[in-house]
Amino acid sequence: MTPAAKILYLVAGAALVGARLQAADRDFETFPKIDIHVHIYEDVPAFHEIMEEINIIKVLNVSVRAMTADVFEYRKVGARQLAHDHPGGFSWASTFPLWNINEPGYVGKTINVLDESFADGAIAVKVWKDVGLEVKNEHGDHIHFDDAKFDPIVEHIVANGRPVLGHLAEPIHAWRPLDEENPLHRYQLSNPQWHFYGKPEMPSYEKIIAARDARVARHPEMTFVAFHLGSMSHDVGMVDSRLAIYPNMHAGVAGRVKFLTRQSSEKVRAFFIKHQDRLMYGTDLTIETWGSRTVPVTPEENAEFKESLKKRYRDDWDYFVSEGDVDHDGFATQGLNLPTEVLEKFYYKNAQRIIPGL
Ligand SMILES: [Zn+2]
């Protein structure tokens, strides 16, 4: 509860029960949250404490990177284990192998891998940006998501009632010169492999987006969730146009709220109200020991870890809920002040409806 809300609560008395309820409804700590986009591969007690403290009722672990069998295995096992150990709080999405895409029998093997994952409780299937940006066919050309090779795989996923979660392409800034104003500036500095400016051999942004759209159009019965606002987070108008064309497309905001804060709050608010049944909350937080260690060990690390993670959820919350000036991760912007029923859909009700099992 904000200090202002607390004062209202204290002075309002019984005559203002309605206002009191409303203030409590929009309380950061108690408002139910589902995070549909996390990368958690370690069972960290501090994260369970955070879930309890700010009422995260469920997280969806989204497996990534199927370019090598060992990465796929490591992430699948971690996500699956968490879901088995904490079925109330953790769900997981599988992915399909890409390391063997040019080998004979690829489709049959992939379907077996998917069936295994479904039997192990995977509630969705993630396709990552290495489709379009990394994986190549036998001629050395990039394979895109509308490639016919994926047709039977996508059909199999749809037949099993699982949504497809797509992180395809990158924000358009990845194709532009490095720019400090770009919210992803730091990421691109430390991940030059995902910065394509001056690399004519890489597919264009437009090409990858068009391949994604073609795939969504080809399977009207597929539930498609465009992660990271479909890599169109720099312009909610672009997301709006896709949601208008494809009734089977939905969108998650994970890791891209920064791009929203740079646009007109009035425009973004209208977008959220118009598409209130199609948008879902997520953070893109990572907790793992392999690669970059993000698991706290000492009590100091534990406290710091909890503080920084809660701040991340809190900053997003303030942006979506507050009215007037807000600070989002150091950037001054205007809060969206979304109506409570829109917040409920965005923070958990849509996820429960669109991704069965959450
Ligand atoms: Zn992610």
# chains A, B, ... in the order shown; residues from 1 in each chain; ligands from 1
>>> select_by_dssp(residues="segment 121-205 of chain A", states="strand (DSSP E)", output="ChimeraX atom specification")
/A:124-127,164-166
>>> write_last_selection(atoms="N, CA and C atoms", output="PDB file, in the first residue's frame")
ATOM      1  N   ALA A 124       3.351 -25.868 -22.541  1.00  0.00           N
ATOM      2  CA  ALA A 124       3.467 -25.025 -23.743  1.00  0.00           C
ATOM      3  C   ALA A 124       4.800 -25.342 -24.417  1.00  0.00           C
ATOM      4  N   VAL A 125       4.984 -24.788 -25.604  1.00  0.00           N
ATOM      5  CA  VAL A 125       6.238 -25.007 -26.342  1.00  0.00           C
ATOM      6  C   VAL A 125       6.791 -23.658 -26.781  1.00  0.00           C
ATOM      7  N   LYS A 126       8.047 -23.451 -26.481  1.00  0.00           N
ATOM      8  CA  LYS A 126       8.691 -22.170 -26.792  1.00  0.00           C
ATOM      9  C   LYS A 126       9.506 -22.305 -28.073  1.00  0.00           C
ATOM     10  N   VAL A 127       9.421 -21.281 -28.906  1.00  0.00           N
ATOM     11  CA  VAL A 127      10.346 -21.208 -30.037  1.00  0.00           C
ATOM     12  C   VAL A 127      11.152 -19.930 -29.866  1.00  0.00           C
ATOM     13  N   VAL A 164       1.902 -22.111 -28.450  1.00  0.00           N
ATOM     14  CA  VAL A 164       3.268 -21.863 -28.913  1.00  0.00           C
ATOM     15  C   VAL A 164       3.675 -20.483 -28.405  1.00  0.00           C
ATOM     16  N   LEU A 165       4.818 -20.445 -27.734  1.00  0.00           N
ATOM     17  CA  LEU A 165       5.320 -19.184 -27.172  1.00  0.00           C
ATOM     18  C   LEU A 165       6.506 -18.744 -28.024  1.00  0.00           C
ATOM     19  N   GLY A 166       6.394 -17.605 -28.681  1.00  0.00           N
ATOM     20  CA  GLY A 166       7.440 -17.232 -29.631  1.00  0.00           C
ATOM     21  C   GLY A 166       8.255 -16.022 -29.222  1.00  0.00           C
TER      22      GLY A 166
END
>>> residues_near_ligand(ligand="ligand 1", cutoff="9 Å", atoms="only C-alpha atoms and all ligand atoms", output="list in words")
His37, Val38, His39, Val62, Ser63, Val64, Trp128, His167, Phe227, His228, Ala254, Gly255, Thr283, Asp284, Leu285 and Thr286 of chain A
>>> write_last_selection(atoms="C-alpha atoms", output="mmCIF file, in the first residue's frame")
data_model
loop_
_atom_site.group_PDB
_atom_site.id
_atom_site.type_symbol
_atom_site.label_atom_id
_atom_site.label_comp_id
_atom_site.auth_asym_id
_atom_site.auth_seq_id
_atom_site.Cartn_x
_atom_site.Cartn_y
_atom_site.Cartn_z
ATOM 1 C CA HIS A 37 8.245 -15.623 -18.574
ATOM 2 C CA VAL A 38 11.012 -16.764 -16.244
ATOM 3 C CA HIS A 39 14.232 -18.705 -16.700
ATOM 4 C CA VAL A 62 10.300 -21.024 -20.608
ATOM 5 C CA SER A 63 13.083 -23.277 -21.855
ATOM 6 C CA VAL A 64 15.367 -21.723 -24.374
ATOM 7 C CA TRP A 128 13.341 -18.953 -29.623
ATOM 8 C CA HIS A 167 10.478 -15.102 -29.007
ATOM 9 C CA PHE A 227 6.843 -12.914 -26.207
ATOM 10 C CA HIS A 228 8.542 -9.539 -25.731
ATOM 11 C CA ALA A 254 8.518 -9.687 -20.500
ATOM 12 C CA GLY A 255 11.662 -7.615 -20.445
ATOM 13 C CA THR A 283 9.582 -10.417 -16.330
ATOM 14 C CA ASP A 284 12.237 -12.536 -18.120
ATOM 15 C CA LEU A 285 14.193 -13.020 -14.903
ATOM 16 C CA THR A 286 16.961 -15.639 -14.867
#
>>> residues_around(residues="Phe305 of chain A", least_positions_apart="2", cutoff="12 Å", atoms="only C-alpha atoms", output="short mmCIF file (atom, residue, chain, number, x, y, z; two decimals) with C-alpha atoms, in the first residue's frame")
data_model
loop_
_atom_site.label_atom_id
_atom_site.label_comp_id
_atom_site.auth_asym_id
_atom_site.auth_seq_id
_atom_site.Cartn_x
_atom_site.Cartn_y
_atom_site.Cartn_z
CA VAL A 44 16.33 -21.05 -4.69
CA PRO A 45 14.56 -20.56 -1.31
CA ALA A 46 14.79 -16.77 -1.68
CA PHE A 47 12.60 -16.91 -4.76
CA GLU A 49 10.02 -16.21 -0.24
CA ILE A 50 9.53 -13.50 -2.88
CA LEU A 285 14.19 -13.02 -14.90
CA THR A 286 16.96 -15.64 -14.87
CA ILE A 287 18.13 -17.79 -11.95
CA ARG A 293 25.73 -17.34 -11.87
CA THR A 294 22.66 -15.55 -10.54
CA VAL A 295 22.01 -17.74 -7.53
CA PRO A 296 22.63 -16.01 -4.16
CA VAL A 297 24.89 -17.85 -1.72
CA THR A 298 25.80 -15.60 1.25
CA PRO A 299 23.15 -13.91 3.44
CA GLU A 300 24.21 -10.56 1.95
CA GLU A 301 23.76 -11.87 -1.58
CA ASN A 302 20.43 -13.31 -0.57
CA ALA A 303 19.15 -9.98 0.75
CA GLU A 307 15.65 -6.60 -2.99
CA SER A 308 16.62 -6.27 -6.65
CA LEU A 309 14.06 -8.80 -7.80
CA LYS A 310 11.27 -7.22 -5.81
CA LYS A 311 12.25 -3.83 -7.20
CA ARG A 312 11.88 -5.24 -10.70
#
>>> residues_around(residues="Thr340 of chain A", least_positions_apart="6", cutoff="10 Å", atoms="only C-alpha atoms", output="ChimeraX atom specification")
/A:22,25-26,321,346
>>> atom_distance(atom1="atom CA of Ser241 of chain A", atom2="atom CA of Asp35 of chain A")
25.0 Å
>>> closest_atom_pairs(of="segment 197-249 of chain A", to="segment 260-276 of chain A", cutoff="10 Å", atoms="only C-alpha atoms", output="Markdown table")
| residue | atom | partner | partner_atom | distance |
| --- | --- | --- | --- | --- |
| A:Leu229 | CA | A:Leu260 | CA | 9.9 |
| A:Ser233 | CA | A:Leu260 | CA | 6.7 |
| A:His234 | CA | A:Leu260 | CA | 7.0 |
| A:Asp235 | CA | A:Gln263 | CA | 7.6 |
| A:Val236 | CA | A:Val268 | CA | 6.7 |
| A:Gly237 | CA | A:Phe271 | CA | 8.1 |
| A:Val239 | CA | A:Phe271 | CA | 9.0 |
| A:Asp240 | CA | A:Phe271 | CA | 7.1 |
| A:Leu243 | CA | A:His275 | CA | 8.0 |
| A:Ala244 | CA | A:His275 | CA | 9.2 |
>>> closest_residue(among="A:Gly282, A:Gly121, A:Gly230, A:Pro177", to="Asn160 of chain A", atoms="only C-alpha atoms")
A:Gly121
>>> atom_distance(atom1="atom CA of Ile101 of chain A", atom2="atom CA of Pro152 of chain A")
13.5 Å
>>> select_by_dssp(residues="segment 80-256 of chain A", states="alpha helix (DSSP H)", output="PyMOL selection string")
chain A and resi 80-85+106-119+130-133+151-159+185-190+205-218+236-245
>>> write_last_selection(atoms="C-alpha atoms", output="compact mmCIF listing (two decimals), in the first residue's frame")
# COMPACT_ATOMS: atom_id res chain seq x y z
CA ARG A 80 10.81 -30.01 -15.11
CA GLN A 81 12.18 -30.70 -11.64
CA LEU A 82 10.92 -27.40 -10.27
CA ALA A 83 7.44 -28.08 -11.68
CA HIS A 84 7.46 -31.56 -10.16
CA ASP A 85 8.65 -30.32 -6.76
CA TYR A 106 14.19 -34.86 -37.80
CA VAL A 107 10.41 -34.43 -37.69
CA GLY A 108 9.74 -37.87 -36.18
CA LYS A 109 12.46 -37.45 -33.57
CA THR A 110 11.20 -33.99 -32.67
CA ILE A 111 7.66 -35.23 -32.21
CA ASN A 112 8.99 -37.90 -29.85
CA VAL A 113 10.85 -35.27 -27.83
CA LEU A 114 7.69 -33.17 -27.62
CA ASP A 115 5.55 -36.14 -26.57
CA GLU A 116 8.04 -36.92 -23.83
CA SER A 117 7.86 -33.31 -22.63
CA PHE A 118 4.05 -33.34 -22.67
CA ALA A 119 4.03 -36.57 -20.67
CA ASP A 130 17.72 -18.90 -32.95
CA VAL A 131 14.98 -19.77 -35.46
CA GLY A 132 15.54 -16.99 -37.99
CA LEU A 133 18.86 -15.79 -36.59
CA ASP A 151 4.56 -27.54 -40.37
CA PRO A 152 4.06 -31.04 -38.92
CA ILE A 153 5.78 -29.99 -35.68
CA VAL A 154 3.48 -27.02 -35.14
CA GLU A 155 0.47 -29.15 -36.12
CA HIS A 156 1.49 -31.70 -33.51
CA ILE A 157 1.77 -29.04 -30.82
CA VAL A 158 -1.66 -27.66 -31.73
CA ALA A 159 -3.19 -31.18 -31.77
CA HIS A 185 22.10 -0.59 -25.15
CA ARG A 186 23.87 -2.46 -22.32
CA TYR A 187 22.59 -5.85 -23.48
CA GLN A 188 23.84 -5.25 -27.00
CA LEU A 189 27.23 -4.07 -25.79
CA SER A 190 27.73 -7.29 -23.84
CA TYR A 205 14.12 -7.60 -39.01
CA GLU A 206 11.24 -7.41 -41.50
CA LYS A 207 12.01 -10.87 -42.90
CA ILE A 208 11.84 -12.56 -39.46
CA ILE A 209 8.69 -10.72 -38.41
CA ALA A 210 7.01 -11.62 -41.72
CA ALA A 211 7.94 -15.32 -41.29
CA ARG A 212 6.46 -15.26 -37.78
CA ASP A 213 3.26 -13.65 -39.05
CA ALA A 214 3.01 -16.19 -41.89
CA ARG A 215 3.24 -19.05 -39.38
CA VAL A 216 0.55 -17.52 -37.16
CA ALA A 217 -1.70 -17.03 -40.20
CA ARG A 218 -1.17 -20.64 -41.36
CA VAL A 236 2.57 -0.49 -29.71
CA GLY A 237 0.91 0.45 -33.02
CA MET A 238 2.77 -2.44 -34.68
CA VAL A 239 1.61 -4.87 -32.00
CA ASP A 240 -1.92 -3.49 -32.29
CA SER A 241 -1.98 -4.12 -36.04
CA ARG A 242 -0.96 -7.80 -35.59
CA LEU A 243 -3.46 -8.43 -32.78
CA ALA A 244 -6.15 -6.94 -35.02
CA ILE A 245 -5.29 -9.28 -37.93
>>> atom_distance(atom1="atom CA of Ala332 of chain A", atom2="atom CA of Ile36 of chain A")
26.1 Å
>>> closest_atom_pairs(of="segment 135-176 of chain A", to="segment 351-357 of chain A", cutoff="9 Å", atoms="only C-alpha atoms", output="tab-separated table")
residue	atom	partner	partner_atom	distance
A:Gly161	CA	A:Pro356	CA	8.6
A:Arg162	CA	A:Ile355	CA	7.7
A:Pro163	CA	A:Ile355	CA	6.5
>>> write_last_selection(atoms="N, CA and C atoms", output="PDB file, in the first residue's frame")
ATOM      1  N   GLY A 161      -2.990 -29.474 -27.892  1.00  0.00           N
ATOM      2  CA  GLY A 161      -3.595 -28.408 -27.090  1.00  0.00           C
ATOM      3  C   GLY A 161      -2.601 -27.520 -26.363  1.00  0.00           C
ATOM      4  N   ARG A 162      -1.345 -27.466 -26.881  1.00  0.00           N
ATOM      5  CA  ARG A 162      -0.349 -26.617 -26.215  1.00  0.00           C
ATOM      6  C   ARG A 162      -0.172 -25.310 -26.988  1.00  0.00           C
ATOM      7  N   PRO A 163      -0.114 -24.186 -26.284  1.00  0.00           N
ATOM      8  CA  PRO A 163       0.192 -22.925 -26.947  1.00  0.00           C
ATOM      9  C   PRO A 163       1.651 -22.881 -27.406  1.00  0.00           C
TER      10      PRO A 163
END
>>> closest_residue(among="A:Lys306, A:Lys345, A:Lys136, A:Arg256", to="His328 of chain A", atoms="only C-alpha atoms")
A:Arg256
>>> closest_residue(among="A:Val135, A:Ile34, A:Ala66, A:Ile54", to="Gly252 of chain A", atoms="only C-alpha atoms")
A:Ile34
>>> residues_around(residues="Trp175 of chain A", least_positions_apart="5", cutoff="12 Å", atoms="only C-alpha atoms", output="PyMOL selection string")
chain A and resi 169-170+182+184+188+192-200+202-206
>>> write_last_selection(atoms="C-alpha atoms", output="PDB file, in the first residue's frame")
ATOM      1  CA  ALA A 169      13.662 -11.669 -33.871  1.00  0.00           C
ATOM      2  CA  GLU A 170      14.933  -8.987 -31.508  1.00  0.00           C
ATOM      3  CA  ASN A 182      18.205   2.406 -26.766  1.00  0.00           C
ATOM      4  CA  LEU A 184      18.826  -2.469 -24.765  1.00  0.00           C
ATOM      5  CA  GLN A 188      23.837  -5.253 -26.996  1.00  0.00           C
ATOM      6  CA  PRO A 192      27.494  -8.448 -29.786  1.00  0.00           C
ATOM      7  CA  GLN A 193      26.285 -11.694 -31.368  1.00  0.00           C
ATOM      8  CA  TRP A 194      22.738 -10.327 -31.097  1.00  0.00           C
ATOM      9  CA  HIS A 195      23.575  -6.976 -32.693  1.00  0.00           C
ATOM     10  CA  PHE A 196      23.205  -7.116 -36.454  1.00  0.00           C
ATOM     11  CA  TYR A 197      23.984  -3.620 -37.640  1.00  0.00           C
ATOM     12  CA  GLY A 198      26.618  -3.806 -40.367  1.00  0.00           C
ATOM     13  CA  LYS A 199      26.132  -7.565 -40.825  1.00  0.00           C
ATOM     14  CA  PRO A 200      24.532  -7.887 -44.269  1.00  0.00           C
ATOM     15  CA  MET A 202      22.068 -11.626 -41.301  1.00  0.00           C
ATOM     16  CA  PRO A 203      18.353 -11.743 -42.144  1.00  0.00           C
ATOM     17  CA  SER A 204      16.507  -8.456 -41.824  1.00  0.00           C
ATOM     18  CA  TYR A 205      14.119  -7.604 -39.006  1.00  0.00           C
ATOM     19  CA  GLU A 206      11.243  -7.415 -41.497  1.00  0.00           C
TER      20      GLU A 206
END
